[in-house]
Amino acid sequence: MTSASSNRGAISIRNVTKIYDPEGVNVMAVDDCSLEIGAGEVCMIVGPSGCGKTTLLNAIAGFHSITEGEIYLDGEMLCGPDRPLANQGADRMVVFQHGALFPWKTLAENVAYGPIVQGAMSKAEAIDKAGTMLSEAGIGDMAKKYPGEVSSGMARRAEIVRALINDPRVLLLDEPYRAMDALTKSIMHESLLEVYDRTKVTIFFITHDLEEAIFLGDRVVVMTTRPAKTKKIVDVDIPRPRDYTTLSSNRFRELVQEAKDAVHEEAVKAFEAGERELA
Amino acid sequence: MTQAAQDTIAPHKPGSSGVSNTPKKRSKILKALSSDTFWRGVVSLIGFVVFWEICSRMKQWTGVEVPWIGKVPPPTEVLEAWTEIFWLPGYWESWYLSTGRVFAGFIAAMLLGIPFGLCLAVNRYFHDIFFPPFEVLRPIPPLAWVPASIVFWPTTELSIAFVTFLGAFFTIVINVLGGAKSIDIRFLRAAQSMGASQWDLFRKIILPGTLPSIFTGAAVGMGITWEVVLAGEMISGGGQQGGGGLGFFIWSSYMGGTVAQVIVGMISIGIAGYLSSSLIRYLGSISMPWRRLF
Ligand SMILES: Nc1ncnc2c1ncn2[C@@H]1O[C@H](COP(=O)(O)OP(=O)(O)O)[C@@H](O)[C@H]1O
Ligand SMILES: [Mg+2]
């Protein structure tokens with residue numbers, strides 16, 4: 001995980017359409033959506049609730065099939081017409097919306113889980129490595145605690161460590177910091193940026209929070225209301241490394257405003273359509 | 001950012017706040033002794049016994065019988081009956097027989113019920129084949145099985161054991177099935193993404209994820225086995241094989257002894273039931289250390 005390789009983890013989403021339950025309720029969640037995400041890019045996805053962001057993430061992760069189109073990872077087809085459901089794999093690690101650390105394992109055991117089930121390390125090695133990585137993330141003291149014993153911010157950090165130990169090409173994050181207060185969030189942001197600067201892993205990050213999107217992202221993709229398409233892509237030309245002083249720069253304010261204008265239009269449409277979020 | 005700074009800045013989720021920081025290493029007993037809940041419980045129990053004593057003795061003191069409770073011997077008399085019985089081997093044999101039956105039926109129900117419930121949860125074909133007959137048999141109350149089971153099994157002892165087993169089995173299976181089915185899909189997805197095989201999923205995710213439901217099922221199942229064993233003992237009577245036990249103790253006290261003895265029997269069963277469920281709670285807390293925190 002020390003190799004800052006940004007030559008892998010390119011995602012290509014080509015004309016993807018997803019219809020849930022075509023014979024029944026027939027919900028078109030994603031409509032002919034295309035998006036190229038470069039290797040080592042931090043791509044932020046924003047859009048109104050229920051527009052189809054999670055659906056897209058699930059398709060990349062291999063949790064759901066797609067109805068039409070193709071998704072490639074580094075030139076290899078993950079899913080397409082012949083294989084609508086991508087294989088799940090440790091090259092694409094998901095950090096879930098409400099967190100999914102196993103409550104019955106300590107943080108270190110959670111982190112060690114991947115290498116152990118893959119047979120990549122012995123149990124002792126994996127636990128050892130987990131401890132080291134948790135320390136790097138600043139939560140080494142918590143290694144022996146259960147997820148129920150730590151704050152949500154620490155749990156989320158541990159979950160990112162659990163993903164990183166598998167050396168993924170892509171991190172898929174689904175509103176990981178939702179429902180956190182501003183202070184915790186800003187700590188989470190700094191620690192994620194620190195991870196990114198170290199690993200240069202491709203990040204596909206869904207959020208509602210436009211300031212978060214601009215602060216973290218290389219690009220911010222604004223989705224239309226359901227069915228999701230890309231409406232606008234905001235290029236974030238603020239140099240890295242970024243820190244909290246970035247938040248008060250003029251350029252930051254301008255970009256947030258730009259994204260806000262695009263999202264607002266869609267949010268009004270979604271609201272009027274009475275869109276509900278299934279989370 | 002330094003570790004120290006993070007520790008002081010990182011806000012905690014409400015409810016879980018301070019779990020990691022506050023020193024709370026005092027023993028559980030000390031904590032219980034200093035809690036209002038504990039003392040209210042003690043006062044309430046003492047109050048109950050005193051109230052019972054007064055009501056039972058009202059007739060003797062004033063000539064006026066308190067309805068209903070007046071017919072029950074006072075706690076002091078029950079205690080006296082108990083101290084007599086306490087030294088009789090027959091009383092302890094009743095304990096031994098009932099406890100043996102309860103645990104035989106209960107353990108058999110766990111051994112068969114847990115795998116059966118897990119199979120129902122994880123295998124669709126297994127579910128399609130075995131769930132319908134299970135659901136038809138489940139609503140039949142255990143005691144309704146008594147006559148049939150006496151016909152099936154050669155000895156009364158075996159028929160009691162069988163009925164006891166059934167009482168716990170259905171409850172355990174339903175709890176295990178429900179627990180395994182309600183495991184959060186995110187856990188399964190996370191594990192699969194990390195490369196877990198089907199066997200890993202079963203052993204490391206589904207099994208620990210179902211443990212809380214297994215213990216809930218066990219607690220309820222334990223209650224049911226006691227009910228069934230006692231009812232079975234009352235029905236089957238003493239004398240020949242399959243007799244005895246606390247159920248029979250109550251019954252024979254009713255037929256030939258005193259009401260005080262009947263109450264001794266009842267309280268004994270209360271204690272036995274309490275000890276059994278404490279045992280299950282204890283086993284639950286050592287096999288689920290992550291649940292001890294709450
Ligand atoms: N399993 C499903 N079956 C039917 N409709 C679904 C299912 N999952 C999501 N949807 C619908 O698809 C749309 C997009 O959902 P989702 O991708 O979760 O949105 P969000 O952008 O908020 O993450 C929503 O309208 C939702 O109701
Ligand atoms: Mg979502």
# chains A, B, ... in the order shown; residues from 1 in each chain; ligands from 1
>>> residues_near_ligand(ligand="ligand 2", cutoff="10 Å", atoms="only C-alpha atoms and all ligand atoms", output="mmCIF file with N, CA and C atoms, in the first residue's frame")
data_model
loop_
_atom_site.group_PDB
_atom_site.id
_atom_site.type_symbol
_atom_site.label_atom_id
_atom_site.label_comp_id
_atom_site.auth_asym_id
_atom_site.auth_seq_id
_atom_site.Cartn_x
_atom_site.Cartn_y
_atom_site.Cartn_z
ATOM 1 N N GLY A 47 -26.109 14.212 -6.536
ATOM 2 C CA GLY A 47 -27.382 14.197 -7.242
ATOM 3 C C GLY A 47 -28.493 14.040 -6.236
ATOM 4 N N PRO A 48 -29.722 14.345 -6.638
ATOM 5 C CA PRO A 48 -30.837 14.276 -5.684
ATOM 6 C C PRO A 48 -31.050 12.865 -5.149
ATOM 7 N N SER A 49 -31.695 12.773 -3.991
ATOM 8 C CA SER A 49 -32.004 11.472 -3.388
ATOM 9 C C SER A 49 -32.795 10.614 -4.351
ATOM 10 N N GLY A 50 -32.486 9.354 -4.393
ATOM 11 C CA GLY A 50 -33.251 8.423 -5.209
ATOM 12 C C GLY A 50 -32.989 8.543 -6.689
ATOM 13 N N CYS A 51 -31.893 9.218 -7.076
ATOM 14 C CA CYS A 51 -31.682 9.410 -8.507
ATOM 15 C C CYS A 51 -30.977 8.221 -9.141
ATOM 16 N N GLY A 52 -30.347 7.378 -8.343
ATOM 17 C CA GLY A 52 -29.715 6.198 -8.925
ATOM 18 C C GLY A 52 -28.220 6.111 -8.679
ATOM 19 N N LYS A 53 -27.720 6.865 -7.709
ATOM 20 C CA LYS A 53 -26.280 6.856 -7.427
ATOM 21 C C LYS A 53 -25.844 5.512 -6.844
ATOM 22 N N THR A 54 -26.587 5.063 -5.841
ATOM 23 C CA THR A 54 -26.238 3.792 -5.213
ATOM 24 C C THR A 54 -26.358 2.647 -6.217
ATOM 25 N N THR A 55 -27.352 2.753 -7.083
ATOM 26 C CA THR A 55 -27.536 1.730 -8.103
ATOM 27 C C THR A 55 -26.282 1.598 -8.964
ATOM 28 N N LEU A 56 -25.718 2.715 -9.329
ATOM 29 C CA LEU A 56 -24.515 2.710 -10.154
ATOM 30 C C LEU A 56 -23.348 2.075 -9.383
ATOM 31 N N LEU A 57 -23.221 2.467 -8.138
ATOM 32 C CA LEU A 57 -22.145 1.909 -7.306
ATOM 33 C C LEU A 57 -22.316 0.393 -7.146
ATOM 34 N N ASN A 58 -23.552 -0.041 -6.904
ATOM 35 C CA ASN A 58 -23.803 -1.471 -6.750
ATOM 36 C C ASN A 58 -23.465 -2.250 -8.007
ATOM 37 N N PHE A 96 -19.622 1.184 3.134
ATOM 38 C CA PHE A 96 -21.070 1.277 3.027
ATOM 39 C C PHE A 96 -21.651 2.511 3.707
ATOM 40 N N GLN A 97 -22.881 2.803 3.291
ATOM 41 C CA GLN A 97 -23.559 4.011 3.739
ATOM 42 C C GLN A 97 -23.654 4.113 5.260
ATOM 43 N N ASP A 174 -20.184 5.074 -0.356
ATOM 44 C CA ASP A 174 -21.570 5.502 -0.509
ATOM 45 C C ASP A 174 -21.976 6.364 0.680
ATOM 46 N N GLU A 175 -21.884 7.652 0.511
ATOM 47 C CA GLU A 175 -22.219 8.601 1.586
ATOM 48 C C GLU A 175 -21.674 8.158 2.933
ATOM 49 N N ILE A 206 -19.848 8.841 -3.362
ATOM 50 C CA ILE A 206 -21.187 9.416 -3.467
ATOM 51 C C ILE A 206 -21.437 10.319 -2.267
ATOM 52 N N THR A 207 -21.983 11.477 -2.494
ATOM 53 C CA THR A 207 -22.286 12.367 -1.368
ATOM 54 C C THR A 207 -23.454 13.286 -1.697
ATOM 55 N N HIS A 208 -24.015 13.839 -0.608
ATOM 56 C CA HIS A 208 -25.034 14.869 -0.741
ATOM 57 C C HIS A 208 -24.434 16.252 -0.536
ATOM 58 N N GLU A 277 -36.200 8.099 -1.246
ATOM 59 C CA GLU A 277 -34.920 7.412 -1.219
ATOM 60 C C GLU A 277 -35.092 6.063 -0.541
ATOM 61 N N LEU A 278 -34.562 5.037 -1.184
ATOM 62 C CA LEU A 278 -34.589 3.708 -0.571
ATOM 63 C C LEU A 278 -33.348 3.485 0.274
ATOM 64 N N ALA A 279 -32.476 4.438 0.300
ATOM 65 C CA ALA A 279 -31.181 4.386 0.988
ATOM 66 C C ALA A 279 -30.266 3.320 0.415
#
>>> residues_around(residues="Leu172 in chain A", least_positions_apart="6", cutoff="12 Å", atoms="only C-alpha atoms", output="PyMOL selection string")
(chain A and resi 9+11+42-45+53-54+56-62+90-97+159-160+163-164+201-207) or (chain B and resi 190+193)
>>> select_by_dssp(residues="range 81-194 of chain A", states="strand (DSSP E)", output="VMD selection string")
chain A and resid 92 to 95 170 to 174
>>> write_last_selection(atoms="all heavy atoms", output="short mmCIF file (atom, residue, chain, number, x, y, z; two decimals), in the first residue's frame")
data_model
loop_
_atom_site.label_atom_id
_atom_site.label_comp_id
_atom_site.auth_asym_id
_atom_site.auth_seq_id
_atom_site.Cartn_x
_atom_site.Cartn_y
_atom_site.Cartn_z
N ARG A 92 -12.30 -4.00 -5.92
CA ARG A 92 -13.24 -2.88 -5.74
C ARG A 92 -13.84 -2.99 -4.34
O ARG A 92 -14.71 -3.81 -4.11
CB ARG A 92 -14.39 -2.98 -6.77
CG ARG A 92 -14.01 -2.63 -8.18
CD ARG A 92 -14.90 -3.38 -9.15
NE ARG A 92 -14.49 -4.76 -9.27
CZ ARG A 92 -15.34 -5.78 -9.38
NH1 ARG A 92 -16.63 -5.59 -9.39
NH2 ARG A 92 -14.89 -7.02 -9.46
N MET A 93 -13.34 -2.21 -3.42
CA MET A 93 -13.82 -2.33 -2.05
C MET A 93 -14.84 -1.23 -1.76
O MET A 93 -14.63 -0.07 -2.06
CB MET A 93 -12.67 -2.22 -1.06
CG MET A 93 -11.70 -3.40 -1.09
SD MET A 93 -12.47 -5.02 -0.82
CE MET A 93 -13.31 -4.74 0.69
N VAL A 94 -15.93 -1.64 -1.12
CA VAL A 94 -17.01 -0.72 -0.81
C VAL A 94 -16.97 -0.31 0.66
O VAL A 94 -16.73 -1.15 1.52
CB VAL A 94 -18.37 -1.39 -1.11
CG1 VAL A 94 -19.52 -0.45 -0.75
CG2 VAL A 94 -18.45 -1.80 -2.56
N VAL A 95 -17.15 0.98 0.91
CA VAL A 95 -17.39 1.44 2.27
C VAL A 95 -18.86 1.87 2.31
O VAL A 95 -19.27 2.75 1.56
CB VAL A 95 -16.47 2.61 2.65
CG1 VAL A 95 -16.82 3.16 4.02
CG2 VAL A 95 -15.02 2.14 2.62
N VAL A 170 -9.97 0.33 -6.68
CA VAL A 170 -10.98 1.37 -6.54
C VAL A 170 -11.59 1.29 -5.15
O VAL A 170 -11.87 0.21 -4.66
CB VAL A 170 -12.12 1.17 -7.57
CG1 VAL A 170 -13.08 2.35 -7.52
CG2 VAL A 170 -11.58 0.98 -8.96
N LEU A 171 -11.79 2.44 -4.54
CA LEU A 171 -12.58 2.51 -3.32
C LEU A 171 -13.94 3.08 -3.70
O LEU A 171 -14.02 4.14 -4.30
CB LEU A 171 -11.95 3.48 -2.33
CG LEU A 171 -10.98 3.00 -1.27
CD1 LEU A 171 -10.69 4.16 -0.32
CD2 LEU A 171 -11.55 1.83 -0.50
N LEU A 172 -14.99 2.36 -3.31
CA LEU A 172 -16.34 2.83 -3.60
C LEU A 172 -16.96 3.26 -2.28
O LEU A 172 -17.13 2.44 -1.37
CB LEU A 172 -17.16 1.71 -4.24
CG LEU A 172 -16.60 1.10 -5.53
CD1 LEU A 172 -17.25 -0.23 -5.82
CD2 LEU A 172 -16.82 2.05 -6.69
N LEU A 173 -17.28 4.54 -2.16
CA LEU A 173 -17.83 5.02 -0.89
C LEU A 173 -19.23 5.58 -1.12
O LEU A 173 -19.43 6.44 -1.98
CB LEU A 173 -16.94 6.11 -0.29
CG LEU A 173 -15.51 5.68 0.07
CD1 LEU A 173 -14.53 6.15 -0.99
CD2 LEU A 173 -15.11 6.20 1.41
N ASP A 174 -20.18 5.07 -0.36
CA ASP A 174 -21.57 5.50 -0.51
C ASP A 174 -21.98 6.36 0.68
O ASP A 174 -22.34 5.84 1.73
CB ASP A 174 -22.49 4.28 -0.63
CG ASP A 174 -23.88 4.66 -1.10
OD1 ASP A 174 -24.18 5.87 -1.14
OD2 ASP A 174 -24.66 3.75 -1.42
#
>>> interface_residues(of="chain A", to="chain B", cutoff="7 Å", atoms="only C-alpha atoms", output="list in words")
Gln88, Gly89, Ala90, Met93, Ala100, Phe102, Pro103, Trp104, Gly114, Val117, Gln118, Gly138, Tyr146, Glu149, Val150, Ser151, Ser152 and Thr184 of chain A
>>> closest_residue(among="A:Pro22, A:Gly75, A:Pro241, A:Gly40", to="ligand 1", atoms="only C-alpha atoms and all ligand atoms")
A:Pro22
>>> atom_distance(atom1="CA of Met142 in chain A", atom2="CA of Ser27 in chain B")
22.8 Å
>>> closest_residue(among="B:Val42, B:Ala121, B:Asp128, B:Pro142", to="Ile183 in chain B", atoms="only C-alpha atoms")
B:Ala121
>>> residues_around(residues="Leu255 in chain A", least_positions_apart="2", cutoff="10 Å", atoms="only C-alpha atoms", output="list in words")
Leu210, Glu211, Ala213, Ile214, Phe215, Val220, Val234, Asp235, Val236, Asp237, Ile238, Asn250, Arg251, Phe252, Arg253, Gln257, Glu258, Ala259, Lys260 and Asp261 of chain A
>>> atom_distance(atom1="CA of Trp82 in chain B", atom2="CA of Ala32 in chain B")
29.2 Å
>>> closest_residue(among="A:Ala270, A:Met180, A:Ala86, A:Val25", to="Met223 in chain A", atoms="only C-alpha atoms")
A:Ala270
>>> residues_around(residues="Val220 in chain B", least_positions_apart="3", cutoff="8 Å", atoms="only C-alpha atoms", output="list in words")
Ala168, Thr171, Thr216, Gly217, Gly223 and Ile224 of chain B
>>> write_last_selection(atoms="N, CA and C atoms", output="short mmCIF file (atom, residue, chain, number, x, y, z; two decimals), in the first residue's frame")
data_model
loop_
_atom_site.label_atom_id
_atom_site.label_comp_id
_atom_site.auth_asym_id
_atom_site.auth_seq_id
_atom_site.Cartn_x
_atom_site.Cartn_y
_atom_site.Cartn_z
N ALA B 168 -38.97 -27.22 22.83
CA ALA B 168 -37.89 -26.28 22.59
C ALA B 168 -37.52 -26.21 21.11
N THR B 171 -39.30 -23.57 18.76
CA THR B 171 -38.91 -22.20 19.11
C THR B 171 -37.49 -21.89 18.64
N THR B 216 -31.58 -15.97 22.13
CA THR B 216 -32.97 -15.61 22.42
C THR B 216 -33.83 -16.86 22.34
N GLY B 217 -33.64 -17.64 21.28
CA GLY B 217 -34.40 -18.87 21.11
C GLY B 217 -34.15 -19.82 22.27
N GLY B 223 -37.57 -21.91 28.85
CA GLY B 223 -38.82 -21.70 29.57
C GLY B 223 -39.85 -22.75 29.18
N ILE B 224 -39.94 -22.99 27.88
CA ILE B 224 -40.94 -23.96 27.42
C ILE B 224 -40.61 -25.37 27.91
#
>>> decode(residues="range 131-241 of chain A", atoms="C-alpha atoms", output="compact mmCIF listing (two decimals), in the first residue's frame")
# COMPACT_ATOMS: atom_id res chain seq x y z
CA GLY A 131 -2.57 -3.33 13.90
CA THR A 132 0.11 -1.49 11.96
CA MET A 133 -2.35 -0.09 9.45
CA LEU A 134 -4.78 1.00 12.15
CA SER A 135 -1.90 2.83 13.85
CA GLU A 136 -1.05 4.54 10.58
CA ALA A 137 -4.64 5.70 10.44
CA GLY A 138 -4.31 7.08 13.98
CA ILE A 139 -6.59 4.52 15.63
CA GLY A 140 -4.04 1.96 16.77
CA ASP A 141 -5.31 2.16 20.36
CA MET A 142 -8.69 0.96 19.20
CA ALA A 143 -7.46 -2.23 17.52
CA LYS A 144 -8.79 -4.50 20.24
CA LYS A 145 -12.13 -2.76 20.59
CA TYR A 146 -15.38 -3.87 19.03
CA PRO A 147 -17.10 -1.54 16.55
CA GLY A 148 -19.86 -0.93 19.10
CA GLU A 149 -17.29 0.55 21.46
CA VAL A 150 -15.89 3.25 19.19
CA SER A 151 -17.31 6.45 17.73
CA SER A 152 -18.80 6.41 14.26
CA GLY A 153 -15.86 8.41 12.94
CA MET A 154 -13.37 5.84 14.16
CA ALA A 155 -15.50 2.99 12.86
CA ARG A 156 -15.59 4.58 9.43
CA ARG A 157 -11.85 5.10 9.44
CA ALA A 158 -11.34 1.46 10.41
CA GLU A 159 -13.62 0.45 7.58
CA ILE A 160 -11.48 2.34 5.10
CA VAL A 161 -8.42 0.59 6.53
CA ARG A 162 -10.25 -2.74 6.12
CA ALA A 163 -10.76 -1.88 2.48
CA LEU A 164 -7.18 -0.70 1.91
CA ILE A 165 -5.52 -3.80 3.33
CA ASN A 166 -6.86 -5.63 0.27
CA ASP A 167 -4.93 -3.24 -1.96
CA PRO A 168 -8.00 -2.38 -4.04
CA ARG A 169 -7.84 -0.58 -7.35
CA VAL A 170 -10.98 1.37 -6.54
CA LEU A 171 -12.58 2.51 -3.32
CA LEU A 172 -16.34 2.83 -3.60
CA LEU A 173 -17.83 5.02 -0.89
CA ASP A 174 -21.57 5.50 -0.51
CA GLU A 175 -22.22 8.60 1.59
CA PRO A 176 -19.82 7.38 4.25
CA TYR A 177 -19.90 10.54 6.33
CA ARG A 178 -23.58 11.22 6.12
CA ALA A 179 -25.16 12.08 9.47
CA MET A 180 -21.84 13.07 10.99
CA ASP A 181 -21.46 16.48 12.49
CA ALA A 182 -19.33 19.05 10.71
CA LEU A 183 -16.37 18.68 13.04
CA THR A 184 -16.12 14.90 12.74
CA LYS A 185 -16.61 15.22 9.02
CA SER A 186 -13.70 17.56 8.62
CA ILE A 187 -11.46 15.15 10.54
CA MET A 188 -12.67 12.33 8.30
CA HIS A 189 -11.91 14.41 5.23
CA GLU A 190 -8.37 15.08 6.31
CA SER A 191 -7.76 11.44 7.05
CA LEU A 192 -9.22 10.36 3.70
CA LEU A 193 -7.07 12.87 1.84
CA GLU A 194 -4.07 11.60 3.76
CA VAL A 195 -4.92 8.04 2.65
CA TYR A 196 -5.37 9.21 -0.90
CA ASP A 197 -2.09 11.08 -1.01
CA ARG A 198 -0.38 7.94 0.22
CA THR A 199 -2.08 5.36 -2.00
CA LYS A 200 -3.45 7.28 -4.99
CA VAL A 201 -6.26 4.74 -5.10
CA THR A 202 -9.14 5.61 -7.43
CA ILE A 203 -12.07 6.87 -5.38
CA PHE A 204 -15.73 6.76 -6.40
CA PHE A 205 -17.46 8.77 -3.73
CA ILE A 206 -21.19 9.42 -3.47
CA THR A 207 -22.29 12.37 -1.37
CA HIS A 208 -25.03 14.87 -0.74
CA ASP A 209 -22.67 17.43 0.58
CA LEU A 210 -21.38 19.78 -2.14
CA GLU A 211 -18.65 21.31 -0.04
CA GLU A 212 -17.39 17.82 0.73
CA ALA A 213 -17.53 17.02 -2.97
CA ILE A 214 -15.47 20.03 -4.04
CA PHE A 215 -13.06 19.72 -1.14
CA LEU A 216 -12.21 16.08 -1.81
CA GLY A 217 -12.75 15.62 -5.51
CA ASP A 218 -10.80 15.97 -8.73
CA ARG A 219 -14.11 16.08 -10.52
CA VAL A 220 -17.67 16.39 -9.30
CA VAL A 221 -20.27 14.61 -11.38
CA VAL A 222 -23.74 16.05 -10.95
CA MET A 223 -26.43 13.51 -11.79
CA THR A 224 -29.90 14.30 -13.08
CA THR A 225 -32.99 13.29 -11.17
CA ARG A 226 -34.07 9.69 -11.77
CA PRO A 227 -33.26 8.05 -14.11
CA ALA A 228 -29.67 9.08 -13.50
CA LYS A 229 -27.54 10.53 -16.27
CA THR A 230 -24.58 12.82 -15.95
CA LYS A 231 -25.88 16.36 -16.02
CA LYS A 232 -22.74 18.33 -15.44
CA ILE A 233 -19.14 17.66 -14.55
CA VAL A 234 -17.35 20.24 -12.45
CA ASP A 235 -13.56 20.09 -12.75
CA VAL A 236 -11.99 20.99 -9.44
CA ASP A 237 -8.80 22.83 -10.29
CA ILE A 238 -7.71 23.40 -6.72
CA PRO A 239 -4.19 21.99 -6.25
CA ARG A 240 -3.42 19.25 -3.76
CA PRO A 241 -2.50 18.82 -0.98
